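Colleague: Enclosed is the structure file work_8.txt (compact mmCIF, C-alpha atoms).
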# COMPACT_ATOMS: atom_id res chain seq x y z
CA MET M 1 38.48 122.03 -51.62
CA ALA M 2 37.27 120.16 -48.55
CA ARG M 3 39.26 117.17 -47.41
CA THR M 4 37.75 113.79 -48.24
CA THR M 5 36.66 111.90 -45.15
CA SER M 6 35.33 108.75 -46.82
CA ARG M 7 38.05 106.19 -47.40
CA ALA M 8 37.97 102.73 -48.90
CA THR M 9 38.24 99.85 -46.44
CA SER M 10 39.73 96.38 -46.75
CA PHE M 11 36.16 95.07 -47.13
CA ASP M 12 35.65 97.34 -50.17
CA VAL M 13 38.85 95.99 -51.71
CA ALA M 14 37.85 92.41 -50.96
CA ALA M 15 34.45 92.91 -52.62
CA LEU M 16 35.95 94.45 -55.76
CA ALA M 17 38.70 91.81 -56.03
CA GLY M 18 36.34 88.94 -55.27
CA VAL M 19 38.44 87.64 -52.36
CA SER M 20 38.10 87.43 -48.60
CA GLN M 21 39.02 90.28 -46.28
CA SER M 22 41.80 88.12 -44.79
CA ALA M 23 43.31 87.77 -48.28
CA VAL M 24 43.50 91.55 -48.49
CA SER M 25 45.30 91.61 -45.17
CA ARG M 26 47.78 88.95 -46.31
CA ALA M 27 48.43 90.81 -49.56
CA PHE M 28 49.74 93.78 -47.59
CA THR M 29 51.69 91.74 -45.03
CA PRO M 30 55.35 91.12 -45.97
CA GLY M 31 56.12 87.40 -46.06
CA ALA M 32 52.50 86.30 -45.70
CA SER M 33 51.36 83.24 -47.65
CA ILE M 34 49.18 84.23 -50.62
CA ALA M 35 48.98 83.14 -54.25
CA ASP M 36 50.51 85.51 -56.78
CA ASP M 37 47.28 85.87 -58.78
CA THR M 38 45.31 86.65 -55.62
CA ARG M 39 47.86 89.27 -54.57
CA HIS M 40 47.63 90.81 -58.05
CA LYS M 41 43.83 91.02 -57.85
CA VAL M 42 44.01 92.66 -54.43
CA LEU M 43 46.65 95.21 -55.43
CA GLU M 44 44.75 96.06 -58.62
CA ALA M 45 41.51 96.61 -56.68
CA ALA M 46 43.35 98.65 -54.03
CA ALA M 47 44.81 100.91 -56.71
CA LYS M 48 41.37 101.53 -58.22
CA LEU M 49 39.95 102.44 -54.82
CA SER M 50 43.04 104.39 -53.66
CA TYR M 51 43.18 102.08 -50.68
CA VAL M 52 46.11 101.84 -48.27
CA PRO M 53 46.12 99.73 -45.08
CA ASN M 54 45.43 101.51 -41.82
CA SER M 55 48.17 100.33 -39.48
CA ILE M 56 46.63 102.10 -36.48
CA ALA M 57 43.32 100.31 -36.93
CA SER M 58 45.16 97.04 -37.37
CA SER M 59 47.11 97.55 -34.15
CA LEU M 60 43.85 97.98 -32.21
CA THR M 61 42.87 94.50 -33.31
CA THR M 62 46.21 92.71 -33.06
CA LYS M 63 47.64 94.68 -30.11
CA ARG M 64 50.81 94.90 -32.21
CA SER M 65 51.87 98.12 -33.92
CA ASN M 66 54.95 96.85 -35.78
CA ILE M 67 56.68 99.97 -34.50
CA VAL M 68 60.01 99.86 -32.65
CA ALA M 69 61.23 102.88 -30.69
CA LEU M 70 64.87 103.83 -31.21
CA ILE M 71 66.30 106.25 -28.64
CA LEU M 72 69.45 107.88 -30.00
CA GLY M 73 72.14 109.93 -28.33
CA ASP M 74 74.22 112.75 -29.74
CA MET M 75 73.49 112.82 -33.49
CA SER M 76 76.56 114.99 -34.10
CA ASN M 77 78.54 111.74 -33.96
CA PRO M 78 78.26 110.14 -37.43
CA PHE M 79 78.37 106.70 -35.85
CA TYR M 80 74.80 107.11 -34.61
CA VAL M 81 73.64 108.21 -38.05
CA HIS M 82 75.03 104.93 -39.36
CA VAL M 83 73.25 103.02 -36.57
CA LEU M 84 69.95 104.74 -37.38
CA HIS M 85 70.34 103.86 -41.06
CA ALA M 86 71.14 100.22 -40.26
CA PHE M 87 68.19 99.75 -37.89
CA SER M 88 65.75 101.54 -40.20
CA ASN M 89 66.68 99.42 -43.20
CA ARG M 90 66.61 96.16 -41.29
CA LEU M 91 63.27 96.83 -39.58
CA GLN M 92 61.64 97.97 -42.80
CA GLU M 93 62.77 94.74 -44.44
CA GLU M 94 60.70 92.98 -41.76
CA GLY M 95 57.66 95.18 -42.39
CA ARG M 96 58.26 97.28 -39.28
CA GLN M 97 58.80 100.99 -38.77
CA VAL M 98 61.04 103.03 -36.49
CA LEU M 99 59.84 105.69 -34.05
CA ILE M 100 62.87 107.88 -33.38
CA PHE M 101 63.63 109.79 -30.20
CA THR M 102 66.80 111.86 -29.91
CA LEU M 103 68.44 113.05 -26.72
CA ASP M 104 70.67 116.01 -26.02
CA ARG M 105 74.08 115.22 -24.58
CA ASN M 106 73.06 115.41 -20.91
CA ALA M 107 69.39 114.49 -21.29
CA ASP M 108 67.71 111.89 -19.09
CA SER M 109 67.08 108.54 -20.77
CA ASP M 110 64.34 107.72 -18.25
CA ALA M 111 62.34 110.75 -19.38
CA ALA M 112 62.70 109.63 -23.00
CA ILE M 113 61.48 106.14 -22.16
CA LEU M 114 58.43 107.62 -20.44
CA GLN M 115 57.69 109.49 -23.67
CA VAL M 116 58.09 106.26 -25.64
CA LEU M 117 55.57 104.49 -23.42
CA LYS M 118 52.88 106.95 -24.52
CA TYR M 119 52.93 105.17 -27.86
CA GLN M 120 52.04 101.59 -28.68
CA VAL M 121 55.48 100.26 -29.55
CA ASP M 122 56.48 96.62 -29.76
CA GLY M 123 60.02 97.13 -28.49
CA VAL M 124 62.60 99.72 -27.41
CA ILE M 125 66.24 100.03 -28.47
CA LEU M 126 68.31 102.40 -26.35
CA THR M 127 71.60 103.71 -27.73
CA ALA M 128 71.75 106.84 -25.57
CA ALA M 129 72.86 107.39 -21.98
CA GLN M 130 72.07 105.01 -19.18
CA ALA M 131 68.53 104.22 -18.13
CA SER M 132 67.59 103.24 -14.60
CA THR M 133 66.81 99.65 -13.70
CA ARG M 134 63.34 100.78 -12.61
CA MET M 135 62.60 102.14 -16.06
CA THR M 136 63.59 98.92 -17.80
CA ASP M 137 61.37 97.07 -15.31
CA ILE M 138 58.42 99.27 -16.27
CA CYS M 139 58.91 98.39 -19.93
CA HIS M 140 59.02 94.68 -19.14
CA GLU M 141 55.95 94.91 -16.90
CA ARG M 142 54.07 96.32 -19.90
CA GLY M 143 55.28 93.48 -22.09
CA ILE M 144 57.67 95.71 -24.05
CA PRO M 145 61.19 94.32 -24.46
CA ILE M 146 64.02 96.83 -24.19
CA VAL M 147 67.58 96.21 -25.36
CA LEU M 148 70.58 98.47 -24.79
CA PHE M 149 72.73 98.91 -27.89
CA ASN M 150 76.49 99.17 -27.35
CA ARG M 151 76.15 99.91 -23.67
CA TYR M 152 74.95 98.22 -20.48
CA ILE M 153 73.71 99.06 -17.02
CA PRO M 154 76.19 97.69 -14.43
CA GLY M 155 74.55 95.41 -11.89
CA SER M 156 71.22 95.21 -13.72
CA ASP M 157 69.46 92.46 -15.64
CA ALA M 158 68.74 94.70 -18.64
CA SER M 159 69.70 92.94 -21.86
CA CYS M 160 72.36 94.43 -24.10
CA VAL M 161 74.17 93.89 -27.37
CA ARG M 162 77.52 95.62 -27.62
CA CYS M 163 80.85 95.70 -29.29
CA ASP M 164 83.58 94.19 -27.14
CA ASN M 165 84.79 97.66 -26.27
CA ALA M 166 87.41 96.57 -23.74
CA GLY M 167 88.76 94.08 -26.26
CA GLY M 168 88.87 96.82 -28.89
CA GLY M 169 90.86 99.04 -26.54
CA ARG M 170 93.33 96.19 -26.11
CA GLN M 171 93.65 95.85 -29.89
CA ILE M 172 94.60 99.51 -30.20
CA ALA M 173 97.14 99.12 -27.38
CA GLU M 174 98.71 96.13 -29.12
CA ALA M 175 98.92 98.08 -32.38
CA PHE M 176 100.80 100.92 -30.65
CA LEU M 177 103.12 98.50 -28.90
CA ALA M 178 103.86 96.65 -32.13
CA ALA M 179 104.79 99.99 -33.71
CA GLY M 180 107.19 100.84 -30.86
CA ALA M 181 105.24 103.46 -28.90
CA GLN M 182 106.36 104.04 -25.30
CA LYS M 183 104.40 106.97 -23.90
CA PHE M 184 100.66 107.29 -24.34
CA ALA M 185 97.60 109.53 -24.06
CA VAL M 186 93.91 108.69 -24.23
CA ILE M 187 91.07 111.06 -25.07
CA ALA M 188 88.02 109.60 -23.31
CA GLY M 189 84.34 110.25 -23.99
CA ASP M 190 81.32 110.34 -21.68
CA PRO M 191 82.70 109.69 -18.16
CA LYS M 192 79.42 108.00 -17.21
CA GLY M 193 79.17 105.87 -20.33
CA THR M 194 80.17 102.23 -20.19
CA THR M 195 81.30 102.38 -23.82
CA SER M 196 84.05 104.93 -23.16
CA GLN M 197 84.95 103.42 -19.80
CA ASP M 198 85.45 99.96 -21.27
CA ARG M 199 87.60 101.18 -24.17
CA VAL M 200 89.84 103.15 -21.80
CA ARG M 201 90.02 100.24 -19.35
CA GLY M 202 90.95 97.69 -22.01
CA PHE M 203 93.63 100.00 -23.41
CA ILE M 204 95.22 100.77 -20.04
CA GLU M 205 95.09 97.16 -18.83
CA ARG M 206 96.94 95.96 -21.93
CA MET M 207 99.54 98.70 -21.56
CA LEU M 208 100.15 97.83 -17.91
CA GLU M 209 100.50 94.16 -18.82
CA SER M 210 103.21 95.16 -21.30
CA GLY M 211 105.20 96.87 -18.54
CA ALA M 212 104.14 100.46 -19.19
CA ARG M 213 103.83 102.68 -16.16
CA ARG M 214 100.45 104.14 -15.31
CA SER M 215 102.11 107.56 -15.05
CA ASP M 216 103.01 107.26 -18.75
CA ILE M 217 99.34 107.10 -19.77
CA ALA M 218 97.55 110.46 -19.65
CA VAL M 219 93.74 110.37 -19.79
CA LEU M 220 92.05 113.48 -21.21
CA GLU M 221 88.36 114.47 -21.44
CA GLY M 222 87.01 114.86 -24.96
CA ARG M 223 83.22 114.90 -24.41
CA SER M 224 82.76 112.42 -27.30
CA SER M 225 82.74 115.23 -29.88
CA TYR M 226 84.94 116.63 -32.66
CA ASP M 227 85.31 119.92 -30.79
CA GLY M 228 86.11 118.09 -27.56
CA GLY M 229 88.83 116.03 -29.22
CA TYR M 230 90.24 119.14 -30.88
CA ALA M 231 90.36 121.10 -27.60
CA ALA M 232 91.78 118.23 -25.53
CA ALA M 233 94.61 117.54 -27.97
CA LEU M 234 95.46 121.22 -28.39
CA LYS M 235 95.58 121.85 -24.64
CA HIS M 236 97.57 118.77 -23.70
CA PHE M 237 100.13 118.86 -26.48
CA SER M 238 100.65 122.62 -26.18
CA ALA M 239 101.39 122.26 -22.47
CA ASN M 240 103.69 119.24 -22.78
CA THR M 241 106.16 120.22 -25.47
CA GLN M 242 109.10 118.51 -23.71
CA SER M 243 107.43 115.20 -22.83
CA ARG M 244 104.77 114.62 -25.42
CA PRO M 245 103.21 111.18 -25.81
CA ASP M 246 104.19 109.31 -28.95
CA ALA M 247 100.81 107.59 -29.27
CA LEU M 248 97.27 108.94 -28.84
CA PHE M 249 94.14 106.78 -28.56
CA CYS M 250 90.79 108.57 -28.99
CA VAL M 251 87.89 106.38 -27.91
CA ASN M 252 85.81 107.34 -30.95
CA ASP M 253 86.67 108.40 -34.49
CA ILE M 254 85.02 111.80 -34.39
CA MET M 255 87.27 112.86 -31.48
CA ALA M 256 90.27 111.39 -33.29
CA MET M 257 89.50 113.53 -36.33
CA GLY M 258 89.24 116.64 -34.15
CA ALA M 259 92.51 115.79 -32.41
CA MET M 260 94.26 115.19 -35.75
CA ASP M 261 93.17 118.55 -37.11
CA ALA M 262 94.34 120.40 -33.99
CA LEU M 263 97.69 118.62 -33.93
CA ARG M 264 98.46 118.97 -37.63
CA PHE M 265 97.16 122.44 -38.37
CA LYS M 266 97.73 124.24 -35.05
CA LEU M 267 100.86 122.55 -33.70
CA GLY M 268 102.52 121.22 -36.83
CA VAL M 269 102.60 117.64 -35.54
CA LYS M 270 103.20 115.05 -38.27
CA ILE M 271 101.13 111.88 -38.06
CA PRO M 272 102.37 109.17 -37.75
CA GLN M 273 106.00 110.41 -37.88
CA ASP M 274 105.75 112.52 -34.69
CA LEU M 275 102.69 110.92 -33.16
CA MET M 276 100.79 107.69 -33.74
CA LEU M 277 97.02 108.06 -33.50
CA ALA M 278 94.01 105.73 -33.47
CA GLY M 279 90.25 105.97 -33.06
CA PHE M 280 87.33 103.60 -32.60
CA ASP M 281 84.13 102.95 -34.65
CA ASP M 282 85.35 103.13 -38.29
CA ILE M 283 82.94 105.83 -39.44
CA PRO M 284 83.10 106.59 -43.19
CA GLU M 285 84.57 110.05 -42.60
CA GLY M 286 87.65 108.56 -40.94
CA ARG M 287 88.41 106.50 -44.04
CA ARG M 288 88.78 109.56 -46.26
CA ALA M 289 92.12 110.72 -47.61
CA PRO M 290 92.76 113.59 -45.13
CA TYR M 291 92.54 111.15 -42.19
CA GLN M 292 93.07 107.48 -43.18
CA LEU M 293 92.46 106.69 -39.53
CA THR M 294 93.59 103.48 -37.86
CA THR M 295 90.63 102.32 -35.81
CA VAL M 296 88.50 99.44 -34.54
CA ARG M 297 85.51 98.71 -36.73
CA GLN M 298 82.31 98.07 -34.85
CA PRO M 299 80.35 95.21 -36.51
CA VAL M 300 77.20 97.33 -36.74
CA ASP M 301 75.19 95.07 -39.04
CA LEU M 302 75.83 92.02 -36.87
CA MET M 303 75.05 94.03 -33.73
CA VAL M 304 71.74 95.14 -35.28
CA GLU M 305 70.84 91.53 -36.11
CA GLU M 306 71.67 90.40 -32.57
CA THR M 307 69.66 93.26 -31.07
CA LEU M 308 66.55 92.29 -33.04
CA SER M 309 67.12 88.67 -32.08
CA VAL M 310 67.14 89.61 -28.40
CA LEU M 311 63.99 91.74 -28.83
CA ASN M 312 62.29 88.61 -30.26
CA LEU M 313 59.54 90.67 -31.87
CA ASP M 314 58.07 87.70 -33.75
CA GLN M 315 57.23 85.87 -30.51
CA PRO M 316 55.32 88.45 -28.44
CA SER M 317 53.65 85.79 -26.32
CA GLN M 318 56.97 84.53 -24.96
CA THR M 319 58.28 85.77 -21.63
CA ILE M 320 60.82 88.55 -22.01
CA GLU M 321 64.23 87.08 -21.32
CA ARG M 322 66.39 89.26 -19.12
CA GLY M 323 70.09 89.58 -18.45
CA ILE M 324 71.28 88.77 -21.97
CA ASP M 325 74.73 90.19 -22.67
CA ARG M 326 76.16 89.71 -26.16
CA PRO M 327 79.57 91.32 -26.67
CA ILE M 328 80.78 91.09 -30.29
CA LYS M 329 84.43 91.46 -31.25
CA GLY M 330 85.43 94.46 -33.35
CA LYS M 331 88.05 94.38 -36.10
CA LEU M 332 91.28 96.35 -36.08
CA ILE M 333 91.54 98.39 -39.28
CA TRP M 334 95.15 99.48 -39.77
CA ARG M 335 95.54 102.58 -41.92
CA SER M 336 98.13 105.35 -42.16
CA THR M 337 98.00 106.93 -38.68
CA ILE M 338 100.22 104.18 -37.26
CA PRO M 339 103.46 103.21 -39.00
CA VAL M 340 103.46 100.13 -41.22
CA PRO M 341 102.68 97.23 -38.87
CA VAL M 342 104.20 93.82 -38.40
CA SER M 343 102.57 91.57 -41.01
CA ASN M 344 100.44 89.61 -38.57
CA PHE M 345 98.71 92.83 -37.46
CA ARG M 346 97.70 93.94 -40.96
CA ALA M 347 93.89 94.04 -41.41
If you took the structure in this file and wrote it as structure tokens, what would it be?
Modeller:
Amino acid sequence: MARTTSRATSFDVAALAGVSQSAVSRAFTPGASIADDTRHKVLEAAAKLSYVPNSIASSLTTKRSNIVALILGDMSNPFYVHVLHAFSNRLQEEGRQVLIFTLDRNADSDAAILQVLKYQVDGVILTAAQASTRMTDICHERGIPIVLFNRYIPGSDASCVRCDNAGGGRQIAEAFLAAGAQKFAVIAGDPKGTTSQDRVRGFIERMLESGARRSDIAVLEGRSSYDGGYAAALKHFSANTQSRPDALFCVNDIMAMGAMDALRFKLGVKIPQDLMLAGFDDIPEGRRAPYQLTTVRQPVDLMVEETLSVLNLDQPSQTIERGIDRPIKGKLIWRSTIPVPVSNFRA
């Protein structure tokens, strides 16, 4: 059977329903002002004609597509799956859709942004690796706001919404100190990423303030992955049997889970009896019985709301405001990988 090329238009629906074409448009626009009986007439006529709105045609008229590009990093980290879910739900509630771009671990964010600009998007959210200042300028010159999610570009005026990652690192340090830890290790993530850098920095700064020696804080490379955390823990703790740390901070939960599995099942380390351990993010997998991971919970829903506020999609005629930086405090979630805390630390 040949494909049908003749499709009903909004004018056909308006004629059948006995309303104006603008009423048809309002009936399919979330939040638009329209009487219930009018909406019912429009939807009934649309069903009879098998009509659905053509968003592409509408964007040619309004110059607005109601599409937001979301550039995601390594999807093997469950945190980014959660972020995708949160943005998708929130944007769809507003009558918008998400255009998703994913990057490999070492891919160039600038190249991804150039791909995004081939489409008529109303805004860009970047959760992946750093973009250049020039690329953010190109977006702004085209009237497309871009916001970095949980990262920033040092020395630039690109806007960002992020967890207070340095503050979260300090919270983990305080938890270890309260539990009596004295010698520490950190498994870091992307060495170029501000997220990992800030968490490590906050942790080390708090430890040094407490009187710990820098030589008592080993920093390992975990590549932000389960396998990286597993390998880093196995290598370090196998090679340091006489002077092992008594506390290990992994800058994300997925590395912490890998490290836990290596330590428990390969080296026989008991957690938290032999080693205290903490992560960062509070992904659902870390809450499960085999892990019960102490961590810092990122306030993802609030961060999503703030990101959309900075994008200011409902006011496209306004000048794009630059240089906004909104750090949001995370919450320490104390579970079983650190011994029972002093009462004022309990989440």
Colleague: Between M:Pro154, M:Pro299, M:Gly286, M:Gly229, which one has atoms that come closest to Leu263 of chain M, using only C-alpha atoms?
Modeller: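 Looking only at the distances to Leu263 of chain M, the closest residue turns out to be M:Gly229.
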Colleague: Using all atoms listed in the file, which of M:Cys139, M:Leu103, M:Val304, M:Ile320 sits nearest His85 of chain M?
Modeller: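 Smallest distance to His85 of chain M is found for M:Val304.
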Colleague: Would you compute the distance between atom CA of Gly279 of chain M and atom CA of Phe87 of chain M? Give it in Å to one decimal.
Modeller: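 Taking atom CA of Gly279 of chain M and atom CA of Phe87 of chain M, their separation equals 23.4 Å.
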Colleague: Take atom CA of Phe101 of chain M and atom CA of Ile254 of chain M and report the distance between them in Å, one decimal.
Modeller: 21.9 Å
Colleague: So the first atom is atom CA of Tyr230 of chain M and the second is atom CA of Ala179 of chain M; what is the distance between them in Å, to one decimal place?
Modeller: 24.2 Å
Colleague: Here's a test: counting all atoms listed in the file, identify every protein, DNA and RNA residue with an atom at most 10 Å from (72.7, 95.1, -14.1) in the file's coordinate frame, and state them as a ChimeraX atom specification.
Modeller: /M:132-133,152-159,322-323
Colleague: Find the residue from M:Val24, M:Ala8, M:Ala178, M:Val296 that sits nearest to Asp164 of chain M; use all atoms listed in the file when measuring.
Modeller: M:Val296
